[in-house]
Amino acid sequence: MTLKTRPGHSNRPDPAAHIKLVVSDMDGTLLTPQKQVTHHTLNAITALRHAGVPVCLVSSRPASGIEMYLEALKLDTPYGALNGGSIFNPDRSLRSQLTLPTDIVQEALGLLQEHNIDAWLFRGHEWVITNAASPYVEPESRAIKQTPNIVPSFKTMLAGVGKITASSSNYDAITQQEAEIGALLKGRACVAQSAPFYLDITPPNANKGYALHQLADFYGIAPHEVACLGDMNNDLPMFKAAGMAIAMGQATQTVKEQAHFVTAANTAEGWSKAVTEYILPRAAKAD
């Protein structure tokens, strides 16, 4: 078997018996490490469509980084960008958007600067940076097919920020700042790693659990009728909200312990295997 049930979490209800919607993370989950979509994944999406179960994407990526995959995936469904803070309709028009207050942006940037960690701002469709030499700028630009706006200072860019991303090749520093900044901004911002080298700071409600509720509401169904898949700490809010949560095989132990099931890694067709083994048997046929 490629999938297994998680270690007992007796305080969590059993996985939902009927699934009407799938909400999925992208990087580390739907996509391979090379940011590609496999034929098995495409076949799994087709099988879900035939079963009357839509697939919606929610990612820490900006809208452009999600939209570049929609045609290949043959998806015409709503989706959530910036960890769910921006929800887009199927026609790619903005449905709702949450932003950080300017004082929170200033405080977070100050904390990151103290620890010499690069910060990026995402404002609507704009990606703003101050350090073009940051090691993750070029690969991120390739991944989301977007060129950042390079500015000398963030001083005039504090309004309308949907997400701050901290990036560093020092994984321990990112993990440490997740705890420290998370504690300092508790109740005022959502702070979670989206990759070992990325830390995302978003409005309090701008998390993937919020997005899952918004997407379920779009289809007129309850959150417990949704299955979700993810691999990082920023996926945990949707794990909590969904009726079925599936962790990827390469996820951390913390993420796995919050899931109903653990599938194979994204290097071993974990997404399609999860759909085949656990979601499709619970898929409710379209009326």
# chains A, B, ... in the order shown; residues from 1 in each chain; ligands from 1

call {"tool": "select_by_dssp", "arguments": {"residues": "segment 76-281 of chain A", "states": "strand (DSSP E)", "output": "number ranges by chain"}}
result
A: 79-81, 86-88, 94-97, 118-123, 126-129, 149-150, 163-167, 190-195, 198-202, 226-230, 244-247, 261-262

call {"tool": "write_last_selection", "arguments": {"atoms": "N, CA and C atoms", "output": "compact mmCIF listing (two decimals), in the first residue's frame"}}
result
# COMPACT_ATOMS: atom_id res chain seq x y z
N TYR A 79 -9.94 29.77 -7.22
CA TYR A 79 -8.68 29.40 -6.58
C TYR A 79 -8.25 30.49 -5.60
N GLY A 80 -7.36 30.10 -4.67
CA GLY A 80 -6.89 31.03 -3.65
C GLY A 80 -5.40 31.26 -3.77
N ALA A 81 -5.00 32.53 -3.87
CA ALA A 81 -3.59 32.91 -3.94
C ALA A 81 -3.15 33.52 -2.61
N SER A 86 -6.31 36.02 -1.14
CA SER A 86 -6.96 36.54 -2.36
C SER A 86 -7.67 35.37 -3.04
N ILE A 87 -8.98 35.48 -3.18
CA ILE A 87 -9.78 34.43 -3.81
C ILE A 87 -10.22 34.94 -5.18
N PHE A 88 -10.01 34.11 -6.21
CA PHE A 88 -10.35 34.48 -7.57
C PHE A 88 -11.46 33.59 -8.11
N LEU A 94 -11.08 38.99 -9.42
CA LEU A 94 -10.90 38.94 -7.98
C LEU A 94 -12.24 38.83 -7.27
N ARG A 95 -12.37 37.84 -6.40
CA ARG A 95 -13.60 37.63 -5.65
C ARG A 95 -13.54 38.31 -4.27
N SER A 96 -12.42 38.16 -3.58
CA SER A 96 -12.22 38.80 -2.29
C SER A 96 -10.73 38.92 -2.02
N GLN A 97 -10.36 39.89 -1.17
CA GLN A 97 -8.95 40.12 -0.88
C GLN A 97 -8.77 40.64 0.53
N ASP A 118 15.96 38.22 4.03
CA ASP A 118 15.35 38.96 2.93
C ASP A 118 13.83 38.91 3.02
N ALA A 119 13.21 40.02 2.67
CA ALA A 119 11.74 40.10 2.67
C ALA A 119 11.24 40.50 1.29
N TRP A 120 10.09 39.94 0.90
CA TRP A 120 9.41 40.30 -0.33
C TRP A 120 7.99 40.73 0.03
N LEU A 121 7.44 41.66 -0.72
CA LEU A 121 6.05 42.07 -0.55
C LEU A 121 5.24 41.68 -1.77
N PHE A 122 4.03 41.19 -1.52
CA PHE A 122 3.09 40.90 -2.60
C PHE A 122 1.87 41.80 -2.42
N ARG A 123 1.65 42.64 -3.42
CA ARG A 123 0.56 43.64 -3.38
C ARG A 123 -0.29 43.46 -4.63
N GLU A 126 1.38 42.49 -7.85
CA GLU A 126 2.75 42.99 -7.84
C GLU A 126 3.61 42.26 -6.82
N TRP A 127 4.84 41.94 -7.23
CA TRP A 127 5.85 41.33 -6.36
C TRP A 127 6.98 42.34 -6.21
N VAL A 128 7.25 42.78 -4.98
CA VAL A 128 8.20 43.85 -4.73
C VAL A 128 9.36 43.34 -3.88
N ILE A 129 10.60 43.64 -4.30
CA ILE A 129 11.78 43.22 -3.56
C ILE A 129 12.76 44.39 -3.47
N ASN A 149 9.36 43.70 -9.00
CA ASN A 149 9.63 45.13 -9.05
C ASN A 149 10.70 45.42 -8.00
N ILE A 150 11.88 45.86 -8.44
CA ILE A 150 12.99 46.10 -7.52
C ILE A 150 12.98 47.56 -7.09
N LYS A 163 0.73 39.74 1.32
CA LYS A 163 1.63 38.73 1.90
C LYS A 163 3.04 39.28 1.96
N ILE A 164 3.71 39.01 3.07
CA ILE A 164 5.16 39.20 3.19
C ILE A 164 5.78 37.81 3.17
N THR A 165 6.78 37.63 2.33
CA THR A 165 7.53 36.38 2.33
C THR A 165 8.96 36.63 2.77
N ALA A 166 9.40 35.91 3.77
CA ALA A 166 10.80 35.93 4.20
C ALA A 166 11.49 34.76 3.53
N SER A 167 12.67 35.01 2.94
CA SER A 167 13.38 33.93 2.26
C SER A 167 14.81 33.85 2.76
N CYS A 190 -1.08 35.90 10.39
CA CYS A 190 -0.87 34.45 10.28
C CYS A 190 0.56 34.24 9.79
N VAL A 191 1.35 33.46 10.53
CA VAL A 191 2.76 33.26 10.22
C VAL A 191 3.02 31.77 10.07
N ALA A 192 3.47 31.34 8.88
CA ALA A 192 3.68 29.91 8.66
C ALA A 192 4.65 29.68 7.51
N GLN A 193 5.46 28.62 7.63
CA GLN A 193 6.36 28.25 6.55
C GLN A 193 5.57 27.66 5.38
N SER A 194 5.91 28.09 4.16
CA SER A 194 5.33 27.50 2.96
C SER A 194 6.35 26.61 2.25
N ALA A 195 7.59 26.67 2.69
CA ALA A 195 8.70 25.83 2.22
C ALA A 195 9.79 25.93 3.28
N TYR A 198 11.05 29.44 2.95
CA TYR A 198 10.11 30.54 2.89
C TYR A 198 9.26 30.61 4.15
N LEU A 199 9.07 31.83 4.65
CA LEU A 199 8.14 32.08 5.74
C LEU A 199 7.14 33.13 5.27
N ASP A 200 5.85 32.81 5.33
CA ASP A 200 4.81 33.72 4.86
C ASP A 200 4.09 34.39 6.02
N ILE A 201 3.90 35.69 5.90
CA ILE A 201 3.17 36.49 6.88
C ILE A 201 1.98 37.11 6.17
N THR A 202 0.78 36.75 6.58
CA THR A 202 -0.44 37.18 5.91
C THR A 202 -1.44 37.70 6.94
N VAL A 226 -15.25 18.44 2.07
CA VAL A 226 -14.06 18.77 1.28
C VAL A 226 -12.89 17.90 1.70
N ALA A 227 -12.13 17.42 0.71
CA ALA A 227 -10.85 16.76 0.97
C ALA A 227 -9.74 17.71 0.57
N CYS A 228 -8.67 17.76 1.37
CA CYS A 228 -7.55 18.65 1.03
C CYS A 228 -6.25 17.87 1.09
N LEU A 229 -5.26 18.38 0.35
CA LEU A 229 -3.94 17.76 0.29
C LEU A 229 -2.88 18.83 0.45
N GLY A 230 -1.83 18.54 1.26
CA GLY A 230 -0.77 19.52 1.48
C GLY A 230 0.45 18.88 2.10
N MET A 244 -11.58 15.71 5.18
CA MET A 244 -10.51 14.74 4.98
C MET A 244 -9.23 15.48 4.66
N ALA A 245 -8.17 15.21 5.42
CA ALA A 245 -6.88 15.86 5.21
C ALA A 245 -5.83 14.80 4.88
N ILE A 246 -5.09 15.03 3.79
CA ILE A 246 -4.08 14.08 3.32
C ILE A 246 -2.73 14.78 3.24
N ALA A 247 -1.74 14.23 3.93
CA ALA A 247 -0.39 14.79 3.92
C ALA A 247 0.47 14.04 2.91
N PHE A 261 -4.71 10.87 6.57
CA PHE A 261 -3.94 9.89 5.81
C PHE A 261 -2.63 10.50 5.35
N VAL A 262 -1.64 9.64 5.12
CA VAL A 262 -0.36 10.04 4.54
C VAL A 262 -0.17 9.29 3.24

call {"tool": "closest_residue", "arguments": {"among": "A:Gln146, A:Thr267, A:Thr99, A:Thr77", "to": "Ser64 of chain A", "atoms": "only C-alpha atoms"}}
result
A:Gln146

call {"tool": "residues_around", "arguments": {"residues": "Gly249 of chain A", "least_positions_apart": "3", "cutoff": "12 Å", "atoms": "only C-alpha atoms", "output": "PyMOL selection string"}}
result
chain A and resi 2-6+28-29+229-232+246+252-253+255-257+259+261-271+273-274

call {"tool": "residues_around", "arguments": {"residues": "Ala206 of chain A", "least_positions_apart": "4", "cutoff": "8 Å", "atoms": "only C-alpha atoms", "output": "count of residues only"}}
result
10

call {"tool": "closest_residue", "arguments": {"among": "A:Ser59, A:Ser134, A:Asn233, A:Asn43", "to": "Leu73 of chain A", "atoms": "only C-alpha atoms"}}
result
A:Asn43

call {"tool": "closest_residue", "arguments": {"among": "A:Ile66, A:Ala132, A:Val22, A:Ile221", "to": "Val151 of chain A", "atoms": "only C-alpha atoms"}}
result
A:Ala132

call {"tool": "atom_distance", "arguments": {"atom1": "atom CA of His40 of chain A", "atom2": "atom CA of Lys74 of chain A"}}
result
13.9 Å

call {"tool": "residues_around", "arguments": {"residues": "Ile19 of chain A", "least_positions_apart": "2", "cutoff": "8 Å", "atoms": "only C-alpha atoms", "output": "VMD selection string"}}
result
chain A and resid 16 to 17 21 to 22 53 225 to 227 243 279 282 to 284

call {"tool": "select_by_dssp", "arguments": {"residues": "segment 79-248 of chain A", "states": "helix (DSSP H, G or I)", "output": "VMD selection string"}}
result
chain A and resid 82 to 84 102 to 114 137 to 144 171 to 184 208 to 219 223 to 225 233 to 241

call {"tool": "closest_residue", "arguments": {"among": "A:Pro13, A:Pro90, A:Pro139, A:Gly162", "to": "Pro62 of chain A", "atoms": "only C-alpha atoms"}}
result
A:Gly162

call {"tool": "atom_distance", "arguments": {"atom1": "atom CA of Ser168 of chain A", "atom2": "atom CA of Thr254 of chain A"}}
result
21.4 Å

call {"tool": "closest_residue", "arguments": {"among": "A:Leu75, A:Ala189, A:Ala143, A:Leu215", "to": "Arg49 of chain A", "atoms": "only C-alpha atoms"}}
result
A:Leu75
